[in-house]
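Structure file run-v3.txt (compact mmCIF, C-alpha atoms) is printed below.
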# COMPACT_ATOMS: atom_id res chain seq x y z
CA MET A 1 -3.19 40.16 -21.17
CA THR A 2 -1.29 43.40 -21.72
CA ARG A 3 -1.53 44.17 -18.00
CA LEU A 4 -0.06 40.77 -17.11
CA LEU A 5 2.80 41.38 -19.54
CA ASP A 6 3.44 44.78 -17.96
CA ILE A 7 3.54 43.23 -14.48
CA PHE A 8 5.87 40.51 -15.74
CA LEU A 9 8.28 43.00 -17.31
CA ALA A 10 8.14 45.19 -14.20
CA GLY A 11 9.54 42.28 -12.20
CA GLY A 12 12.91 42.65 -13.86
CA PHE A 13 15.29 40.18 -15.44
CA MET A 14 14.74 37.46 -12.82
CA MET A 15 11.18 36.98 -14.06
CA PHE A 16 12.50 35.15 -17.13
CA PRO A 17 14.20 32.27 -15.26
CA LEU A 18 11.18 32.14 -12.93
CA LEU A 19 8.90 31.85 -15.97
CA PHE A 20 11.09 29.03 -17.26
CA LEU A 21 10.87 27.22 -13.91
CA SER A 22 7.09 27.59 -13.82
CA VAL A 23 6.75 26.15 -17.34
CA VAL A 24 9.06 23.25 -16.45
CA THR A 25 7.08 22.60 -13.26
CA LEU A 26 3.73 22.55 -15.06
CA ALA A 27 5.07 20.35 -17.87
CA TYR A 28 6.53 17.88 -15.37
CA ALA A 29 3.31 17.84 -13.33
CA ILE A 30 1.20 17.16 -16.44
CA GLN A 31 3.53 14.37 -17.53
CA ARG A 32 3.51 12.70 -14.11
CA GLY A 33 -0.24 13.19 -13.77
CA CYS A 34 -0.83 11.43 -17.10
CA PHE A 35 1.50 8.65 -15.97
CA TRP A 36 -0.44 8.04 -12.75
CA LEU A 37 -3.80 8.21 -14.51
CA ARG A 38 -2.75 5.77 -17.24
CA LEU A 39 -1.24 3.48 -14.64
CA ALA A 40 -4.44 3.38 -12.60
CA ILE A 41 -6.56 2.57 -15.66
CA GLU A 42 -4.28 -0.18 -16.99
CA GLU A 43 -3.59 -1.75 -13.62
CA ARG A 44 -7.23 -2.04 -12.61
CA ARG A 45 -7.93 -4.41 -15.51
CA VAL A 46 -4.81 -6.54 -14.96
CA VAL A 47 -5.32 -6.86 -11.20
CA GLN A 48 -8.95 -7.86 -11.57
CA ASP A 49 -8.10 -10.51 -14.17
CA VAL A 50 -5.21 -11.98 -12.18
CA LEU A 51 -7.09 -12.18 -8.87
CA THR A 52 -10.17 -13.70 -10.53
CA VAL A 53 -8.31 -16.30 -12.58
CA ALA A 54 -5.99 -17.19 -9.68
CA GLN A 55 -8.95 -18.73 -7.86
CA TYR A 56 -9.15 -21.62 -10.33
CA ASP A 57 -5.96 -21.55 -12.46
CA LEU A 58 -2.66 -20.28 -11.11
CA ASN A 59 -0.76 -20.94 -14.34
CA ARG A 60 -3.19 -18.91 -16.39
CA ALA A 61 -3.14 -16.12 -13.81
CA GLU A 62 0.66 -16.05 -14.01
CA LYS A 63 0.50 -15.86 -17.81
CA ILE A 64 -1.84 -12.87 -17.59
CA ALA A 65 0.53 -11.12 -15.20
CA ARG A 66 3.58 -12.03 -17.29
CA GLY A 67 1.85 -10.72 -20.40
CA ASN A 68 1.73 -7.26 -18.77
CA LYS A 69 5.29 -7.24 -17.46
CA ASP A 70 5.67 -3.58 -18.41
CA LEU A 71 3.49 -2.82 -15.36
CA ALA A 72 5.10 -2.96 -11.93
CA ILE A 73 1.97 -4.42 -10.34
CA ALA A 74 1.94 -7.26 -12.90
CA ARG A 75 5.55 -8.15 -12.14
CA PHE A 76 4.72 -8.04 -8.44
CA LEU A 77 1.79 -10.45 -8.81
CA SER A 78 3.72 -12.71 -11.16
CA ALA A 79 6.61 -13.32 -8.73
CA PRO A 80 4.83 -15.77 -6.35
CA LEU A 81 2.59 -17.26 -9.05
CA LYS A 82 5.52 -18.60 -11.09
CA LEU A 83 6.76 -20.68 -8.15
CA ASN A 84 6.16 -24.42 -8.35
CA ASN A 85 3.90 -25.55 -5.48
CA PRO A 86 5.31 -23.03 -2.98
CA THR A 87 4.71 -23.26 0.73
CA PRO A 88 2.76 -20.39 2.32
CA GLU A 89 6.03 -19.07 3.72
CA SER A 90 7.82 -19.06 0.35
CA PHE A 91 4.75 -17.52 -1.30
CA ASN A 92 4.80 -14.70 1.25
CA LEU A 93 8.56 -14.18 0.88
CA ALA A 94 8.21 -13.97 -2.92
CA LEU A 95 5.56 -11.27 -2.51
CA LYS A 96 7.71 -9.27 -0.11
CA ALA A 97 10.83 -9.55 -2.27
CA ALA A 98 8.91 -8.46 -5.37
CA ALA A 99 7.35 -5.53 -3.49
CA ASP A 100 10.75 -4.35 -2.25
CA LYS A 101 12.10 -4.51 -5.80
CA GLU A 102 9.20 -2.77 -7.51
CA LEU A 103 8.66 -0.02 -4.92
CA VAL A 104 12.24 1.27 -4.91
CA ASN A 105 11.68 3.95 -7.55
CA ILE A 106 7.93 3.75 -7.92
CA GLY A 107 6.46 6.79 -9.62
CA GLY A 108 9.86 8.19 -10.56
CA SER A 109 12.00 10.77 -8.80
CA ASP A 110 10.79 14.24 -7.83
CA LYS A 111 14.26 15.80 -7.70
CA LEU A 112 13.18 18.32 -10.31
CA LEU A 113 10.37 19.64 -8.12
CA GLU A 114 12.65 19.67 -5.07
CA SER A 115 15.14 21.77 -7.02
CA VAL A 116 12.45 24.23 -8.13
CA ILE A 117 11.22 24.56 -4.54
CA ILE A 118 14.71 25.62 -3.49
CA ILE A 119 15.80 27.67 -6.52
CA ALA A 120 12.63 29.71 -7.19
CA PRO A 121 12.60 31.64 -3.87
CA LEU A 122 16.33 32.32 -4.23
CA LEU A 123 15.79 33.82 -7.68
CA GLY A 124 12.95 35.90 -6.24
CA ILE A 125 15.20 37.15 -3.46
CA LEU A 126 17.90 37.97 -6.01
CA GLY A 127 15.41 40.02 -8.00
CA THR A 128 14.29 41.73 -4.80
CA ALA A 129 17.88 42.57 -3.95
CA GLY A 130 18.39 44.07 -7.41
CA GLY A 131 15.35 46.30 -7.01
CA LEU A 132 16.41 47.46 -3.56
CA ILE A 133 19.94 48.18 -4.77
CA ARG A 134 18.54 50.37 -7.52
CA THR A 135 16.42 52.17 -4.93
CA PHE A 136 19.36 52.89 -2.60
CA ILE A 137 21.53 54.01 -5.52
CA THR A 138 18.83 56.52 -6.44
CA PHE A 139 18.73 57.81 -2.86
CA ARG A 140 22.49 58.05 -2.72
CA ASN A 141 22.73 60.00 -5.95
CA GLY A 142 20.57 62.85 -4.75
CA GLY A 143 17.46 61.57 -3.05
CA VAL A 144 13.99 61.46 -4.41
CA ASP A 145 12.69 64.32 -6.51
CA ALA A 146 10.18 64.56 -9.30
CA SER A 147 12.61 63.11 -11.83
CA SER A 148 13.77 60.14 -9.75
CA SER A 149 10.53 59.18 -8.00
CA SER A 150 9.49 57.08 -10.97
CA THR A 151 12.78 55.16 -10.85
CA VAL A 152 12.35 54.50 -7.12
CA ALA A 153 8.79 53.30 -7.63
CA ASP A 154 9.86 50.98 -10.45
CA SER A 155 12.69 49.57 -8.33
CA ILE A 156 10.40 48.86 -5.37
CA LEU A 157 7.82 47.31 -7.71
CA GLN A 158 10.52 45.07 -9.19
CA ALA A 159 11.53 43.94 -5.71
CA LEU A 160 7.95 43.07 -4.73
CA ILE A 161 6.99 41.35 -7.98
CA SER A 162 10.11 39.19 -8.24
CA SER A 163 9.81 38.13 -4.60
CA ALA A 164 6.13 37.23 -5.01
CA ALA A 165 6.82 35.39 -8.26
CA GLY A 166 9.61 33.32 -6.69
CA ILE A 167 7.43 32.33 -3.74
CA GLY A 168 4.51 31.57 -6.07
CA VAL A 169 6.55 29.23 -8.27
CA ALA A 170 7.95 27.48 -5.18
CA ILE A 171 4.44 27.00 -3.76
CA LEU A 172 3.23 25.57 -7.07
CA ALA A 173 6.12 23.11 -7.17
CA PHE A 174 5.58 22.16 -3.52
CA VAL A 175 1.88 21.43 -4.11
CA PHE A 176 2.69 19.05 -6.96
CA PHE A 177 5.52 17.52 -4.94
CA ARG A 178 3.19 16.72 -2.04
CA ILE A 179 0.57 15.25 -4.39
CA PHE A 180 3.11 12.87 -5.91
CA VAL A 181 4.43 11.91 -2.47
CA VAL A 182 0.89 11.00 -1.37
CA LEU A 183 0.40 8.98 -4.56
CA ARG A 184 3.57 7.00 -3.86
CA VAL A 185 2.52 6.33 -0.26
CA ARG A 186 -0.88 5.13 -1.44
CA ARG A 187 0.96 3.00 -3.97
CA VAL A 188 2.78 1.16 -1.21
CA ASP A 189 -0.52 0.53 0.58
CA TYR A 190 -2.04 -0.69 -2.69
CA PHE A 191 0.75 -3.23 -3.20
CA SER A 192 0.33 -4.45 0.37
CA THR A 193 -3.44 -4.86 -0.02
CA LEU A 194 -3.14 -6.76 -3.31
CA GLY A 195 -0.42 -8.97 -1.89
CA ASN A 196 -2.64 -9.89 1.04
CA GLN A 197 -5.55 -10.65 -1.29
CA LEU A 198 -3.42 -12.88 -3.51
CA GLU A 199 -1.97 -14.65 -0.51
CA LEU A 200 -5.45 -15.33 0.90
CA ILE A 201 -6.55 -16.74 -2.46
CA TYR A 202 -3.55 -19.06 -2.47
CA LEU A 203 -4.13 -20.23 1.09
CA HIS A 204 -7.85 -20.80 0.50
CA PHE A 205 -7.76 -22.50 -2.90
CA TRP A 206 -4.27 -23.92 -3.37
CA ASP A 207 -2.64 -24.71 -0.04
CA LYS A 208 -2.88 -28.50 -0.47
CA PRO A 209 -0.91 -29.50 2.66
CA VAL A 210 -3.34 -27.56 4.82
CA GLU A 211 -6.33 -29.19 3.13
CA ASP A 212 -4.81 -32.67 3.49
CA ALA A 213 -4.15 -32.07 7.16
CA LYS A 214 -7.77 -31.09 7.68
CA ILE A 215 -9.00 -34.22 5.88
CA SER A 216 -6.77 -36.53 7.93
CA GLU A 217 -8.17 -35.02 11.12
Take the structure in this file and express it as structure tokens.
Amino acid sequence: MTRLLDIFLAGGFMMFPLLFLSVVTLAYAIQRGCFWLRLAIEERRVVQDVLTVAQYDLNRAEKIARGNKDLAIARFLSAPLKLNNPTPESFNLALKAAADKELVNIGGSDKLLESVIIIAPLLGILGTAGGLIRTFITFRNGGVDASSSSTVADSILQALISSAAGIGVAILAFVFFRIFVVLRVRRVDYFSTLGNQLELIYLHFWDKPVEDAKISE
């Protein structure tokens, strides 16, 4: 622990804003990770109930979805179910309109992570520049002798540590950013799959005009 503190302090002043960015990145990642985990757990129950009940009672299925309106997936499933005897075309349009509305800002914005990805390397470079400036000032003021060699070594160490720390924080933020992007993409696919399942249930169990046409034939 003491060694880590020594390395941190050797990185110079820029290590403090980099430490702040790393803490913010981890806190944001934990918060978003808990959000996605809770969402997956809560949605699984609601989706299963709605799709099962929709096979024999559309009104009850709509009430289940409406009762969980704090979930985006519930609002999405509720949109076509609350229509009164819709045609297959209007049912499909209601699903698409609800999906477009709910998927606009799904999972929140990752502007914070994008900012960290950009700012962290710049802070690292700034710390590197400070260390190199100290090194060249030492050379200019008389070169390297026994008394100044320690200062030169500390300056070069500061440059290397701050640069590595900036890149490390940026990589950490980028990893979390890519994970959340993948989760949002999978979210879009999930909405599409559920919409298709609900539409098939409606066509199979509730599309009365189609059934009447088959009987008349």
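Restricting the calculation to only C-alpha atoms, the smallest distance between Lys101 (chain A) and any of A:Val152, A:Ile73, A:Ile119, A:Leu126 is found for A:Ile73.
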Report as AutoDock Vina command-line options the centre and the edge lengths, in Å to one decimal, of the axis-aligned box holding every listed atom of region 105-119 of chain A, padded by 3 Å on each side.
--center_x 11.1 --center_y 15.7 --center_z -7.0 --size_x 15.3 --size_y 29.9 --size_z 13.1
(message) I want to know what sits within 10 Å of Ile7 (chain A), based on only C-alpha atoms, with residues of the same chain fewer than 6 positions away left out; could you give that as a ChimeraX atom specification?
(response) /A:1,15,157-158,161-162
Could you write out the selected residues, including C-alpha atoms, as a JSON list (two decimals), in the coordinates of the input?
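As written to disk, part00.json reads:
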[["chain", "number", "residue", "atom", "x", "y", "z"],
["A", 1, "MET", "CA", -3.19, 40.16, -21.17],
["A", 15, "MET", "CA", 11.18, 36.98, -14.06],
["A", 157, "LEU", "CA", 7.82, 47.31, -7.71],
["A", 158, "GLN", "CA", 10.52, 45.07, -9.19],
["A", 161, "ILE", "CA", 6.99, 41.35, -7.98],
["A", 162, "SER", "CA", 10.11, 39.19, -8.24]]
(message) Using only C-alpha atoms for the distances, tell me which of A:Leu203, A:Leu122, A:Lys69, A:Leu194 is nearest to Leu95 (chain A).
(response) A:Leu194
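A straight line drawn from CA of Ala65 (chain A) to CA of Glu42 (chain A) is 12.1 Å long.
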